[in-house]
$ cat protein_39.cif   # mmCIF, C-alpha atoms and all ligand atoms
data_run
#
loop_
_atom_site.group_PDB
_atom_site.id
_atom_site.type_symbol
_atom_site.label_atom_id
_atom_site.label_comp_id
_atom_site.auth_asym_id
_atom_site.auth_seq_id
_atom_site.Cartn_x
_atom_site.Cartn_y
_atom_site.Cartn_z
ATOM 1 C CA MET A 1 0.000 0.000 0.000
ATOM 2 C CA ARG A 2 1.388 3.391 -0.976
ATOM 3 C CA VAL A 3 1.434 5.957 1.793
ATOM 4 C CA THR A 4 -0.821 8.183 -0.295
ATOM 5 C CA ASP A 5 -3.564 5.532 -0.269
ATOM 6 C CA ARG A 6 -3.758 6.007 3.452
ATOM 7 C CA VAL A 7 -5.906 8.152 5.665
ATOM 8 C CA VAL A 8 -4.877 11.598 6.882
ATOM 9 C CA VAL A 9 -6.639 13.073 9.888
ATOM 10 C CA ILE A 10 -6.628 16.869 9.758
ATOM 11 C CA THR A 11 -7.979 18.589 12.839
ATOM 12 C CA GLY A 12 -9.602 21.913 12.027
ATOM 13 C CA GLY A 13 -9.793 20.861 8.375
ATOM 14 C CA SER A 14 -12.927 22.869 7.675
ATOM 15 C CA ARG A 15 -11.388 26.308 7.236
ATOM 16 C CA GLY A 16 -8.128 28.202 6.710
ATOM 17 C CA ILE A 17 -4.859 26.277 6.751
ATOM 18 C CA GLY A 18 -6.534 22.951 7.551
ATOM 19 C CA ARG A 19 -8.898 23.310 4.591
ATOM 20 C CA ALA A 20 -5.990 24.086 2.251
ATOM 21 C CA ALA A 21 -4.071 21.092 3.632
ATOM 22 C CA ALA A 22 -7.086 18.828 3.090
ATOM 23 C CA LEU A 23 -7.386 19.885 -0.559
ATOM 24 C CA ALA A 24 -3.634 19.585 -1.170
ATOM 25 C CA ALA A 25 -3.374 16.146 0.441
ATOM 26 C CA ALA A 26 -6.470 14.885 -1.388
ATOM 27 C CA ALA A 27 -4.928 16.027 -4.684
ATOM 28 C CA ARG A 28 -1.983 13.748 -3.880
ATOM 29 C CA GLY A 29 -4.254 10.754 -3.330
ATOM 30 C CA TYR A 30 -4.637 10.666 0.446
ATOM 31 C CA ARG A 31 -8.046 9.874 1.959
ATOM 32 C CA ILE A 32 -8.959 12.819 4.169
ATOM 33 C CA VAL A 33 -10.727 12.961 7.520
ATOM 34 C CA VAL A 34 -11.814 16.581 7.855
ATOM 35 C CA GLY A 35 -12.153 17.376 11.547
ATOM 36 C CA TYR A 36 -14.187 20.420 12.523
ATOM 37 C CA ALA A 37 -15.374 21.990 15.763
ATOM 38 C CA SER A 38 -18.780 23.434 14.861
ATOM 39 C CA ASN A 39 -18.866 24.677 11.256
ATOM 40 C CA GLU A 40 -20.431 21.618 9.662
ATOM 41 C CA ALA A 41 -21.281 23.511 6.467
ATOM 42 C CA ALA A 42 -17.637 24.477 5.928
ATOM 43 C CA ALA A 43 -16.487 20.902 6.568
ATOM 44 C CA LYS A 44 -19.061 19.534 4.128
ATOM 45 C CA GLU A 45 -17.895 22.055 1.517
ATOM 46 C CA VAL A 46 -14.326 20.735 1.857
ATOM 47 C CA VAL A 47 -15.540 17.145 1.468
ATOM 48 C CA ALA A 48 -17.608 18.112 -1.587
ATOM 49 C CA SER A 49 -14.631 19.923 -3.160
ATOM 50 C CA ILE A 50 -12.479 16.825 -2.687
ATOM 51 C CA GLU A 51 -15.148 14.473 -4.028
ATOM 52 C CA ALA A 52 -15.702 16.735 -7.050
ATOM 53 C CA LYS A 53 -12.125 15.886 -8.037
ATOM 54 C CA ASN A 54 -12.651 12.165 -7.417
ATOM 55 C CA GLY A 55 -10.930 12.272 -4.047
ATOM 56 C CA LYS A 56 -12.113 10.574 -0.859
ATOM 57 C CA ALA A 57 -13.024 12.486 2.295
ATOM 58 C CA ILE A 58 -15.336 12.445 5.290
ATOM 59 C CA ALA A 59 -16.196 15.184 7.769
ATOM 60 C CA VAL A 60 -16.163 14.377 11.495
ATOM 61 C CA GLN A 61 -17.139 16.792 14.257
ATOM 62 C CA CYS A 62 -14.372 16.885 16.862
ATOM 63 C CA ASP A 63 -13.643 19.554 19.444
ATOM 64 C CA VAL A 64 -10.015 18.724 20.243
ATOM 65 C CA GLY A 65 -10.577 20.201 23.685
ATOM 66 C CA LYS A 66 -12.624 17.066 24.492
ATOM 67 C CA GLU A 67 -10.930 13.671 24.759
ATOM 68 C CA SER A 68 -14.168 11.839 23.950
ATOM 69 C CA ASP A 69 -14.430 13.757 20.648
ATOM 70 C CA ILE A 70 -10.839 12.830 19.784
ATOM 71 C CA LEU A 71 -11.526 9.141 20.408
ATOM 72 C CA ARG A 72 -14.588 9.379 18.143
ATOM 73 C CA LEU A 73 -12.532 11.137 15.435
ATOM 74 C CA PHE A 74 -9.974 8.337 15.314
ATOM 75 C CA GLU A 75 -12.657 5.625 15.427
ATOM 76 C CA ALA A 76 -14.184 7.227 12.326
ATOM 77 C CA ALA A 77 -10.738 7.333 10.702
ATOM 78 C CA ASP A 78 -10.242 3.608 11.443
ATOM 79 C CA LYS A 79 -13.444 2.818 9.558
ATOM 80 C CA PHE A 80 -12.219 4.919 6.602
ATOM 81 C CA GLY A 81 -8.861 3.180 6.145
ATOM 82 C CA THR A 82 -5.340 2.804 7.509
ATOM 83 C CA LEU A 83 -3.993 5.911 9.181
ATOM 84 C CA GLY A 84 -0.913 7.338 7.459
ATOM 85 C CA ALA A 85 -0.707 10.860 8.837
ATOM 86 C CA LEU A 86 -2.077 13.296 11.376
ATOM 87 C CA VAL A 87 -2.057 17.053 10.904
ATOM 88 C CA ASN A 88 -2.469 18.678 14.308
ATOM 89 C CA ASN A 89 -3.837 21.910 12.894
ATOM 90 C CA ALA A 90 -6.822 22.907 15.059
ATOM 91 C CA GLY A 91 -5.925 25.954 17.079
ATOM 92 C CA ILE A 92 -7.468 29.020 18.673
ATOM 93 C CA VAL A 93 -6.396 32.488 19.711
ATOM 94 C CA GLY A 94 -7.943 34.449 22.542
ATOM 95 C CA LYS A 95 -8.945 38.089 22.183
ATOM 96 C CA SER A 96 -5.958 40.019 20.893
ATOM 97 C CA GLY A 97 -4.438 42.806 23.004
ATOM 98 C CA VAL A 98 -5.050 41.226 26.410
ATOM 99 C CA ARG A 99 -2.009 41.354 28.698
ATOM 100 C CA VAL A 100 -1.119 38.448 30.986
ATOM 101 C CA ASP A 101 -2.034 40.546 34.038
ATOM 102 C CA GLU A 102 -5.569 40.777 32.631
ATOM 103 C CA MET A 103 -6.057 37.143 31.594
ATOM 104 C CA SER A 104 -8.684 34.896 33.138
ATOM 105 C CA ALA A 105 -7.875 31.359 34.192
ATOM 106 C CA GLU A 106 -10.676 30.147 31.901
ATOM 107 C CA ARG A 107 -9.068 31.748 28.859
ATOM 108 C CA ILE A 108 -5.659 30.222 29.595
ATOM 109 C CA GLN A 109 -7.139 26.807 30.350
ATOM 110 C CA GLU A 110 -9.138 26.757 27.102
ATOM 111 C CA MET A 111 -6.066 27.828 25.137
ATOM 112 C CA MET A 112 -3.968 25.030 26.571
ATOM 113 C CA ALA A 113 -6.771 22.440 26.333
ATOM 114 C CA VAL A 114 -7.297 23.055 22.611
ATOM 115 C CA ASN A 115 -3.830 24.002 21.344
ATOM 116 C CA VAL A 116 -1.669 21.789 23.563
ATOM 117 C CA THR A 117 -3.592 18.957 25.240
ATOM 118 C CA GLY A 118 -5.711 18.420 22.119
ATOM 119 C CA SER A 119 -2.627 18.083 19.929
ATOM 120 C CA ILE A 120 -0.920 15.699 22.356
ATOM 121 C CA LEU A 121 -4.025 13.503 22.673
ATOM 122 C CA CYS A 122 -4.476 13.356 18.887
ATOM 123 C CA ALA A 123 -0.814 12.390 18.544
ATOM 124 C CA ARG A 124 -1.310 9.690 21.186
ATOM 125 C CA GLU A 125 -4.099 8.152 19.128
ATOM 126 C CA ALA A 126 -2.039 8.420 15.935
ATOM 127 C CA VAL A 127 1.043 6.798 17.513
ATOM 128 C CA LYS A 128 -1.072 3.915 18.826
ATOM 129 C CA ARG A 129 -2.158 3.229 15.245
ATOM 130 C CA MET A 130 1.004 4.059 13.247
ATOM 131 C CA SER A 131 3.925 2.935 15.435
ATOM 132 C CA THR A 132 5.640 -0.260 14.324
ATOM 133 C CA LYS A 133 5.907 -0.978 18.069
ATOM 134 C CA HIS A 134 2.123 -1.413 18.050
ATOM 135 C CA GLY A 135 2.034 -3.329 14.755
ATOM 136 C CA GLY A 136 1.422 -0.224 12.636
ATOM 137 C CA LYS A 137 2.927 0.703 9.272
ATOM 138 C CA GLY A 138 4.553 3.980 10.344
ATOM 139 C CA GLY A 139 3.416 7.453 9.374
ATOM 140 C CA VAL A 140 3.840 11.168 9.839
ATOM 141 C CA ILE A 141 2.607 13.705 12.366
ATOM 142 C CA VAL A 142 2.695 17.388 11.393
ATOM 143 C CA ASN A 143 2.144 19.839 14.235
ATOM 144 C CA ILE A 144 1.095 23.388 13.360
ATOM 145 C CA SER A 145 2.909 25.823 15.608
ATOM 146 C CA SER A 146 3.356 29.570 14.981
ATOM 147 C CA VAL A 147 6.169 32.101 14.706
ATOM 148 C CA ALA A 148 4.523 33.488 17.859
ATOM 149 C CA ALA A 149 6.392 30.698 19.686
ATOM 150 C CA LYS A 150 9.630 32.555 18.915
ATOM 151 C CA LEU A 151 8.297 36.137 19.095
ATOM 152 C CA GLY A 152 6.317 35.725 22.332
ATOM 153 C CA ALA A 153 3.426 37.938 21.121
ATOM 154 C CA PRO A 154 3.755 40.524 23.937
ATOM 155 C CA ASN A 155 0.679 42.746 24.389
ATOM 156 C CA THR A 156 -1.136 40.582 21.829
ATOM 157 C CA TYR A 157 -1.627 37.028 23.125
ATOM 158 C CA VAL A 158 1.248 35.648 25.169
ATOM 159 C CA ASP A 159 -0.889 32.661 26.181
ATOM 160 C CA TYR A 160 -1.215 31.653 22.523
ATOM 161 C CA ALA A 161 2.534 32.059 21.957
ATOM 162 C CA ALA A 162 3.220 29.906 25.018
ATOM 163 C CA SER A 163 0.869 27.213 23.728
ATOM 164 C CA LYS A 164 2.818 27.112 20.461
ATOM 165 C CA GLY A 165 6.130 27.017 22.340
ATOM 166 C CA ALA A 166 4.789 23.882 24.006
ATOM 167 C CA ILE A 167 3.976 22.454 20.568
ATOM 168 C CA ASP A 168 7.581 23.025 19.436
ATOM 169 C CA SER A 169 8.895 21.098 22.453
ATOM 170 C CA PHE A 170 6.323 18.401 21.827
ATOM 171 C CA THR A 171 7.449 18.037 18.187
ATOM 172 C CA LEU A 172 11.043 17.648 19.341
ATOM 173 C CA GLY A 173 10.320 15.169 22.109
ATOM 174 C CA LEU A 174 7.708 13.003 20.412
ATOM 175 C CA GLY A 175 9.820 12.896 17.259
ATOM 176 C CA LEU A 176 12.748 11.482 19.207
ATOM 177 C CA GLU A 177 10.487 9.090 21.108
ATOM 178 C CA VAL A 178 9.103 7.439 17.963
ATOM 179 C CA ALA A 179 11.977 7.972 15.502
ATOM 180 C CA GLY A 180 12.798 4.258 15.587
ATOM 181 C CA GLU A 181 9.152 3.232 15.139
ATOM 182 C CA GLY A 182 8.517 4.424 11.582
ATOM 183 C CA ILE A 183 6.937 7.723 12.578
ATOM 184 C CA ARG A 184 8.304 11.130 11.635
ATOM 185 C CA VAL A 185 7.111 14.146 13.624
ATOM 186 C CA ALA A 186 7.643 17.626 12.229
ATOM 187 C CA GLY A 187 6.267 21.066 12.921
ATOM 188 C CA ILE A 188 5.544 24.172 10.907
ATOM 189 C CA ARG A 189 5.650 27.704 12.277
ATOM 190 C CA PRO A 190 3.418 29.777 9.981
ATOM 191 C CA GLY A 191 3.844 33.538 9.980
ATOM 192 C CA LEU A 192 1.012 35.958 9.210
ATOM 193 C CA ILE A 193 -1.438 33.930 7.160
ATOM 194 C CA ASP A 194 -4.599 35.340 5.644
ATOM 195 C CA THR A 195 -7.302 33.297 7.418
ATOM 196 C CA GLU A 196 -10.310 33.907 9.664
ATOM 197 C CA ILE A 197 -8.323 33.236 12.861
ATOM 198 C CA HIS A 198 -7.535 36.957 13.115
ATOM 199 C CA ALA A 199 -11.254 37.790 13.159
ATOM 200 C CA ALA A 200 -11.638 35.269 15.980
ATOM 201 C CA GLY A 201 -9.059 37.297 17.911
ATOM 202 C CA GLY A 202 -11.103 40.453 17.292
ATOM 203 C CA GLU A 203 -8.867 41.872 14.540
ATOM 204 C CA PRO A 204 -10.052 40.721 11.094
ATOM 205 C CA ASP A 205 -7.482 42.847 9.230
ATOM 206 C CA ARG A 206 -4.547 41.935 11.518
ATOM 207 C CA ALA A 207 -2.563 40.008 8.901
ATOM 208 C CA HIS A 208 -2.795 42.797 6.323
ATOM 209 C CA ARG A 209 -2.151 45.537 8.911
ATOM 210 C CA LEU A 210 1.111 43.890 9.954
ATOM 211 C CA ALA A 211 2.217 42.692 6.501
ATOM 212 C CA HIS A 212 4.775 45.508 6.221
ATOM 213 C CA MET A 213 6.702 43.966 9.163
ATOM 214 C CA VAL A 214 7.246 40.735 7.252
ATOM 215 C CA PRO A 215 10.591 40.762 5.368
ATOM 216 C CA MET A 216 8.776 39.581 2.224
ATOM 217 C CA LYS A 217 6.312 42.494 2.734
ATOM 218 C CA ARG A 218 3.174 40.421 2.320
ATOM 219 C CA VAL A 219 0.847 38.063 4.132
ATOM 220 C CA GLY A 220 1.131 34.358 3.531
ATOM 221 C CA HIS A 221 -1.637 32.226 2.084
ATOM 222 C CA ALA A 222 -3.091 29.039 3.527
ATOM 223 C CA GLU A 223 -1.981 27.165 0.402
ATOM 224 C CA GLU A 224 1.663 28.088 1.126
ATOM 225 C CA ILE A 225 1.408 26.369 4.512
ATOM 226 C CA ALA A 226 -0.455 23.442 2.947
ATOM 227 C CA ASN A 227 2.399 22.944 0.473
ATOM 228 C CA ALA A 228 4.828 22.609 3.373
ATOM 229 C CA ILE A 229 2.464 20.231 5.183
ATOM 230 C CA VAL A 230 2.162 17.849 2.230
ATOM 231 C CA TRP A 231 5.917 18.006 1.656
ATOM 232 C CA LEU A 232 6.576 17.016 5.272
ATOM 233 C CA MET A 233 4.028 14.201 4.903
ATOM 234 C CA SER A 234 5.687 12.928 1.727
ATOM 235 C CA ASP A 235 8.642 10.613 1.216
ATOM 236 C CA ASP A 236 10.538 13.639 -0.133
ATOM 237 C CA ALA A 237 10.931 14.534 3.550
ATOM 238 C CA SER A 238 11.917 10.985 4.536
ATOM 239 C CA TYR A 239 14.892 12.076 6.688
ATOM 240 C CA VAL A 240 13.107 14.991 8.381
ATOM 241 C CA THR A 241 11.936 14.519 11.942
ATOM 242 C CA SER A 242 11.889 16.217 15.349
ATOM 243 C CA THR A 243 12.220 19.643 13.800
ATOM 244 C CA THR A 244 10.023 22.655 13.049
ATOM 245 C CA LEU A 245 10.112 24.651 9.818
ATOM 246 C CA ASP A 246 9.392 28.396 9.655
ATOM 247 C CA VAL A 247 7.045 29.206 6.765
ATOM 248 C CA SER A 248 6.771 32.876 7.454
ATOM 249 C CA GLY A 249 8.202 35.086 4.731
ATOM 250 C CA GLY A 250 11.341 35.533 6.809
ATOM 251 C CA ARG A 251 9.821 36.594 10.092
HETATM 252 P P1 LIG B 1 -8.984 29.369 11.254
HETATM 253 O O1 LIG B 1 -9.081 29.907 9.873
HETATM 254 O O2 LIG B 1 -9.564 30.117 12.395
HETATM 255 O O3 LIG B 1 -9.571 27.869 11.248
HETATM 256 C C1 LIG B 1 -9.576 27.185 12.451
HETATM 257 C C2 LIG B 1 -9.944 25.754 12.209
HETATM 258 O O4 LIG B 1 -9.783 25.060 13.457
HETATM 259 C C3 LIG B 1 -11.372 25.571 11.783
HETATM 260 O O5 LIG B 1 -11.445 24.436 10.945
HETATM 261 C C4 LIG B 1 -12.081 25.321 13.094
HETATM 262 O O6 LIG B 1 -13.273 24.531 12.975
HETATM 263 C C5 LIG B 1 -11.035 24.541 13.846
HETATM 264 N N1 LIG B 1 -11.145 24.626 15.298
HETATM 265 C C6 LIG B 1 -11.249 25.715 16.096
HETATM 266 N N2 LIG B 1 -11.360 25.357 17.376
HETATM 267 C C7 LIG B 1 -11.345 24.010 17.398
HETATM 268 C C8 LIG B 1 -11.459 23.047 18.405
HETATM 269 N N3 LIG B 1 -11.617 23.385 19.700
HETATM 270 N N4 LIG B 1 -11.420 21.738 18.061
HETATM 271 C C9 LIG B 1 -11.277 21.370 16.776
HETATM 272 N N5 LIG B 1 -11.175 22.230 15.761
HETATM 273 C C10 LIG B 1 -11.207 23.541 16.077
HETATM 274 O O7 LIG B 1 -7.447 29.138 11.665
HETATM 275 P P2 LIG B 1 -6.102 29.026 10.794
HETATM 276 O O8 LIG B 1 -5.539 30.385 10.661
HETATM 277 O O9 LIG B 1 -6.309 28.204 9.614
HETATM 278 O O10 LIG B 1 -5.172 28.283 11.858
HETATM 279 C C11 LIG B 1 -4.857 26.912 11.766
HETATM 280 C C12 LIG B 1 -3.636 26.661 12.618
HETATM 281 O O11 LIG B 1 -2.561 27.487 12.160
HETATM 282 C C13 LIG B 1 -3.834 26.992 14.098
HETATM 283 O O12 LIG B 1 -3.177 26.038 14.902
HETATM 284 C C14 LIG B 1 -3.166 28.348 14.231
HETATM 285 O O13 LIG B 1 -2.724 28.585 15.543
HETATM 286 C C15 LIG B 1 -2.015 28.199 13.252
HETATM 287 N N6 LIG B 1 -1.452 29.454 12.805
HETATM 288 C C16 LIG B 1 -2.198 30.332 12.066
HETATM 289 C C17 LIG B 1 -1.605 31.528 11.668
HETATM 290 C C18 LIG B 1 -2.341 32.557 10.857
HETATM 291 O O14 LIG B 1 -1.832 33.693 10.699
HETATM 292 N N7 LIG B 1 -3.511 32.262 10.333
HETATM 293 C C19 LIG B 1 -0.276 31.822 12.013
HETATM 294 C C20 LIG B 1 0.431 30.900 12.755
HETATM 295 C C21 LIG B 1 -0.163 29.720 13.140
HETATM 296 P P3 LIG B 1 -14.722 25.202 12.645
HETATM 297 O O15 LIG B 1 -14.674 25.553 11.174
HETATM 298 O O16 LIG B 1 -15.699 24.132 12.959
HETATM 299 O O17 LIG B 1 -14.848 26.410 13.512
#
$ encode --input "protein_39.cif" --output "structure tokens" --more "lines below"
Ligand code: NAP
Amino acid sequence: MRVTDRVVVITGGSRGIGRAAALAAAARGYRIVVGYASNEAAAKEVVASIEAKNGKAIAVQCDVGKESDILRLFEAADKFGTLGALVNNAGIVGKSGVRVDEMSAERIQEMMAVNVTGSILCAREAVKRMSTKHGGKGGVIVNISSVAAKLGAPNTYVDYAASKGAIDSFTLGLGLEVAGEGIRVAGIRPGLIDTEIHAAGGEPDRAHRLAHMVPMKRVGHAEEIANAIVWLMSDDASYVTSTTLDVSGGR
């Protein structure tokens, strides 16, 4: 079985970077499990777009902040085929411009539950299925971090930056843990990408407002992150593990 015949679980595959990754991976022959939190219509649109090009995809509701949802997501993936890759893409930002001395415990806990615990639990389920130690065929885990992990996002959302710093450490550690078990683990740190996440943080035009600070003087597009995701998933990246790639126009 070629790796591209296998199933890819993409959390947050309904919109933005996850949607672009779903379309790019489907175009390469992967079977796609499109995870989504609540926007069923968007998830169904992604599935329909893939099927229109003779690809295979299903949409599965999964709030990665809930372990029971994650278990259900992977059970659905098992019914769809053999897992070959996980893209830990689902992520949230809190309201932009809130300092740490103003942050509620609830905000910080939700941030960590979705961005960190959710990613680790999804990876746990993927390793159980893909590790040769457990009788699996190997595979790839791609963790979506952010350049915020290196910049810290002061006066913007330090909690988000800290959650992505945790993802970078997780990519390093898990990659080393399973390097001898047929699983590669790699991360991507996107820069300012033109998606709806900025609206969720209360600043819809954030990416364009800050584009002049990017050395390449422009925002990035979801497809540019998707291209890096499918490269990391592919055999062209067969010696790449335990590392995180900046895809950020130089910033
Ligand atoms: P987006 O456009 O806001 O899309 C978010 C996606 O995640 C949607 O599919 C959404 O599902 C899903 N999602 C949200 N909360 C979830 C939860 N609790 N459980 C499961 N899925 C959830 O975001 P994006 O910009 O594409 O961001 C994707 C990833 O890239 C995130 O990890 C983000 O931190 C990272 N990133 C983005 C940028 C950027 O500038 N855009 C930069 C660096 C890193 P619904 O459609 O159901 O709501």
$ atom_distance --input "protein_39.cif" --atom1 "atom CA of Ala24 of chain A" --atom2 "atom CA of Glu223 of chain A"
7.9 Å
$ atom_distance --input "protein_39.cif" --atom1 "atom O10 of ligand LIG 1 (chain B)" --atom2 "atom CA of Ser146 of chain A"
9.2 Å
$ axis_aligned_box --input "protein_39.cif" --around "ligand LIG 1 (chain B)" --padding-each-side "5 Å" --output "JSON"
{"center_x": -7.6, "center_y": 27.5, "center_z": 14.7, "size_x": 26.1, "size_y": 22.3, "size_z": 20.1}
$ resolve_selection --input "protein_39.cif" --expression "the PyMOL selection byres (((chain A and resi 23) around 10) and not hetatm)" --output "list in words"
Gly13, Gly18, Arg19, Ala20, Ala21, Ala22, Ala24, Ala25, Ala26, Ala27, Arg28, Tyr30, Ile32, Val46, Val47, Ser49, Ile50, Lys53, Gly55, Ala57, Glu223 and Ala226 of chain A
$ residues_around --input "protein_39.cif" --residues "segment 233-245 of chain A" --least-positions-apart "2" --cutoff "8 Å" --atoms "all atoms listed in the file" --output "ChimeraX atom specification"
/A:85,140-142,168,171-176,179,184-189,229-231,247
$ residues_near_ligand --input "protein_39.cif" --ligand "ligand LIG 1 (chain B)" --cutoff "6 Å" --atoms "only C-alpha atoms and all ligand atoms" --output "short mmCIF file (atom, residue, chain, number, x, y, z; two decimals) with C-alpha atoms, in the coordinates of the input"
data_model
loop_
_atom_site.label_atom_id
_atom_site.label_comp_id
_atom_site.auth_asym_id
_atom_site.auth_seq_id
_atom_site.Cartn_x
_atom_site.Cartn_y
_atom_site.Cartn_z
CA THR A 11 -7.98 18.59 12.84
CA GLY A 12 -9.60 21.91 12.03
CA GLY A 13 -9.79 20.86 8.38
CA SER A 14 -12.93 22.87 7.68
CA ARG A 15 -11.39 26.31 7.24
CA GLY A 16 -8.13 28.20 6.71
CA ILE A 17 -4.86 26.28 6.75
CA GLY A 18 -6.53 22.95 7.55
CA TYR A 36 -14.19 20.42 12.52
CA ALA A 37 -15.37 21.99 15.76
CA SER A 38 -18.78 23.43 14.86
CA ASN A 39 -18.87 24.68 11.26
CA CYS A 62 -14.37 16.89 16.86
CA ASP A 63 -13.64 19.55 19.44
CA VAL A 64 -10.02 18.72 20.24
CA GLY A 65 -10.58 20.20 23.68
CA ASN A 89 -3.84 21.91 12.89
CA ALA A 90 -6.82 22.91 15.06
CA GLY A 91 -5.92 25.95 17.08
CA ILE A 92 -7.47 29.02 18.67
CA VAL A 114 -7.30 23.06 22.61
CA ILE A 144 1.10 23.39 13.36
CA SER A 145 2.91 25.82 15.61
CA SER A 146 3.36 29.57 14.98
CA PRO A 190 3.42 29.78 9.98
CA GLY A 191 3.84 33.54 9.98
CA LEU A 192 1.01 35.96 9.21
CA ILE A 193 -1.44 33.93 7.16
CA ASP A 194 -4.60 35.34 5.64
CA THR A 195 -7.30 33.30 7.42
CA GLU A 196 -10.31 33.91 9.66
CA ILE A 197 -8.32 33.24 12.86
#
$ residues_around --input "protein_39.cif" --residues "His208 of chain A" --least-positions-apart "2" --cutoff "12 Å" --atoms "only C-alpha atoms" --output "ChimeraX atom specification"
/A:191-195,198-199,203-206,210-214,217-221
$ atom_distance --input "protein_39.cif" --atom1 "atom CA of Lys79 of chain A" --atom2 "atom CA of Gln61 of chain A"
15.2 Å
$ closest_residue --input "protein_39.cif" --among "A:Gly29, A:Pro154, A:Gly84, A:Gly249" --to "Val127 of chain A" --atoms "all atoms listed in the file"
A:Gly84
$ resolve_selection --input "protein_39.cif" --expression "the PyMOL selection byres (((chain A and resi 97) around 12) and not hetatm)" --output "PyMOL selection string"
chain A and resi 93-96+98-103+153-160+198+201-203+206
$ closest_residue --input "protein_39.cif" --among "A:Ala41, A:Ala126, A:Ala48, A:Leu151" --to "Val8 of chain A" --atoms "only C-alpha atoms"
A:Ala126
$ closest_residue --input "protein_39.cif" --among "A:Met130, A:Met112, A:Ile225, A:Ala59" --to "Leu73 of chain A" --atoms "all atoms listed in the file"
A:Ala59
$ resolve_selection --input "protein_39.cif" --expression "the PyMOL selection byres (((chain A and resi 6) around 7) and not hetatm)" --output "PDB file with C-alpha atoms, in the frame of the given file"
ATOM      1  CA  VAL A   3       1.434   5.957   1.793  1.00  0.00           C
ATOM      2  CA  THR A   4      -0.821   8.183  -0.295  1.00  0.00           C
ATOM      3  CA  ASP A   5      -3.564   5.532  -0.269  1.00  0.00           C
ATOM      4  CA  VAL A   7      -5.906   8.152   5.665  1.00  0.00           C
ATOM      5  CA  VAL A   8      -4.877  11.598   6.882  1.00  0.00           C
ATOM      6  CA  TYR A  30      -4.637  10.666   0.446  1.00  0.00           C
ATOM      7  CA  ARG A  31      -8.046   9.874   1.959  1.00  0.00           C
ATOM      8  CA  GLY A  81      -8.861   3.180   6.145  1.00  0.00           C
ATOM      9  CA  THR A  82      -5.340   2.804   7.509  1.00  0.00           C
ATOM     10  CA  LEU A  83      -3.993   5.911   9.181  1.00  0.00           C
ATOM     11  CA  GLY A  84      -0.913   7.338   7.459  1.00  0.00           C
TER      12      GLY A  84
END
$ build_atoms --input "protein_39.cif" --residues "segment 183-193 of chain A" --atoms "N, CA, C and O atoms" --output "PDB file, in the frame of the given file"
ATOM      1  N   ILE A 183       7.746   6.489  12.578  1.00  0.00           N
ATOM      2  CA  ILE A 183       6.937   7.723  12.578  1.00  0.00           C
ATOM      3  C   ILE A 183       7.859   8.940  12.577  1.00  0.00           C
ATOM      4  O   ILE A 183       8.760   9.042  13.410  1.00  0.00           O
ATOM      5  N   ARG A 184       7.622   9.841  11.615  1.00  0.00           N
ATOM      6  CA  ARG A 184       8.304  11.130  11.635  1.00  0.00           C
ATOM      7  C   ARG A 184       7.353  12.170  12.237  1.00  0.00           C
ATOM      8  O   ARG A 184       6.142  12.124  11.991  1.00  0.00           O
ATOM      9  N   VAL A 185       7.915  13.070  13.020  1.00  0.00           N
ATOM     10  CA  VAL A 185       7.111  14.146  13.624  1.00  0.00           C
ATOM     11  C   VAL A 185       7.792  15.468  13.270  1.00  0.00           C
ATOM     12  O   VAL A 185       8.978  15.654  13.569  1.00  0.00           O
ATOM     13  N   ALA A 186       7.058  16.337  12.612  1.00  0.00           N
ATOM     14  CA  ALA A 186       7.643  17.626  12.229  1.00  0.00           C
ATOM     15  C   ALA A 186       6.628  18.729  12.463  1.00  0.00           C
ATOM     16  O   ALA A 186       5.416  18.498  12.448  1.00  0.00           O
ATOM     17  N   GLY A 187       7.140  19.918  12.679  1.00  0.00           N
ATOM     18  CA  GLY A 187       6.267  21.066  12.921  1.00  0.00           C
ATOM     19  C   GLY A 187       6.442  22.115  11.845  1.00  0.00           C
ATOM     20  O   GLY A 187       7.420  22.120  11.094  1.00  0.00           O
ATOM     21  N   ILE A 188       5.457  22.991  11.771  1.00  0.00           N
ATOM     22  CA  ILE A 188       5.544  24.172  10.907  1.00  0.00           C
ATOM     23  C   ILE A 188       5.169  25.378  11.752  1.00  0.00           C
ATOM     24  O   ILE A 188       4.175  25.345  12.485  1.00  0.00           O
ATOM     25  N   ARG A 189       5.994  26.432  11.640  1.00  0.00           N
ATOM     26  CA  ARG A 189       5.650  27.704  12.277  1.00  0.00           C
ATOM     27  C   ARG A 189       5.206  28.676  11.183  1.00  0.00           C
ATOM     28  O   ARG A 189       6.043  29.330  10.559  1.00  0.00           O
ATOM     29  N   PRO A 190       3.871  28.775  10.960  1.00  0.00           N
ATOM     30  CA  PRO A 190       3.418  29.777   9.981  1.00  0.00           C
ATOM     31  C   PRO A 190       3.637  31.184  10.531  1.00  0.00           C
ATOM     32  O   PRO A 190       3.626  31.415  11.747  1.00  0.00           O
ATOM     33  N   GLY A 191       3.805  32.120   9.585  1.00  0.00           N
ATOM     34  CA  GLY A 191       3.844  33.538   9.980  1.00  0.00           C
ATOM     35  C   GLY A 191       2.446  34.112   9.903  1.00  0.00           C
ATOM     36  O   GLY A 191       1.488  33.486  10.371  1.00  0.00           O
ATOM     37  N   LEU A 192       2.319  35.285   9.314  1.00  0.00           N
ATOM     38  CA  LEU A 192       1.012  35.958   9.210  1.00  0.00           C
ATOM     39  C   LEU A 192       0.265  35.406   8.005  1.00  0.00           C
ATOM     40  O   LEU A 192       0.588  35.741   6.863  1.00  0.00           O
ATOM     41  N   ILE A 193      -0.716  34.578   8.248  1.00  0.00           N
ATOM     42  CA  ILE A 193      -1.438  33.930   7.160  1.00  0.00           C
ATOM     43  C   ILE A 193      -2.852  34.489   7.090  1.00  0.00           C
ATOM     44  O   ILE A 193      -3.508  34.696   8.122  1.00  0.00           O
TER      45      ILE A 193
END
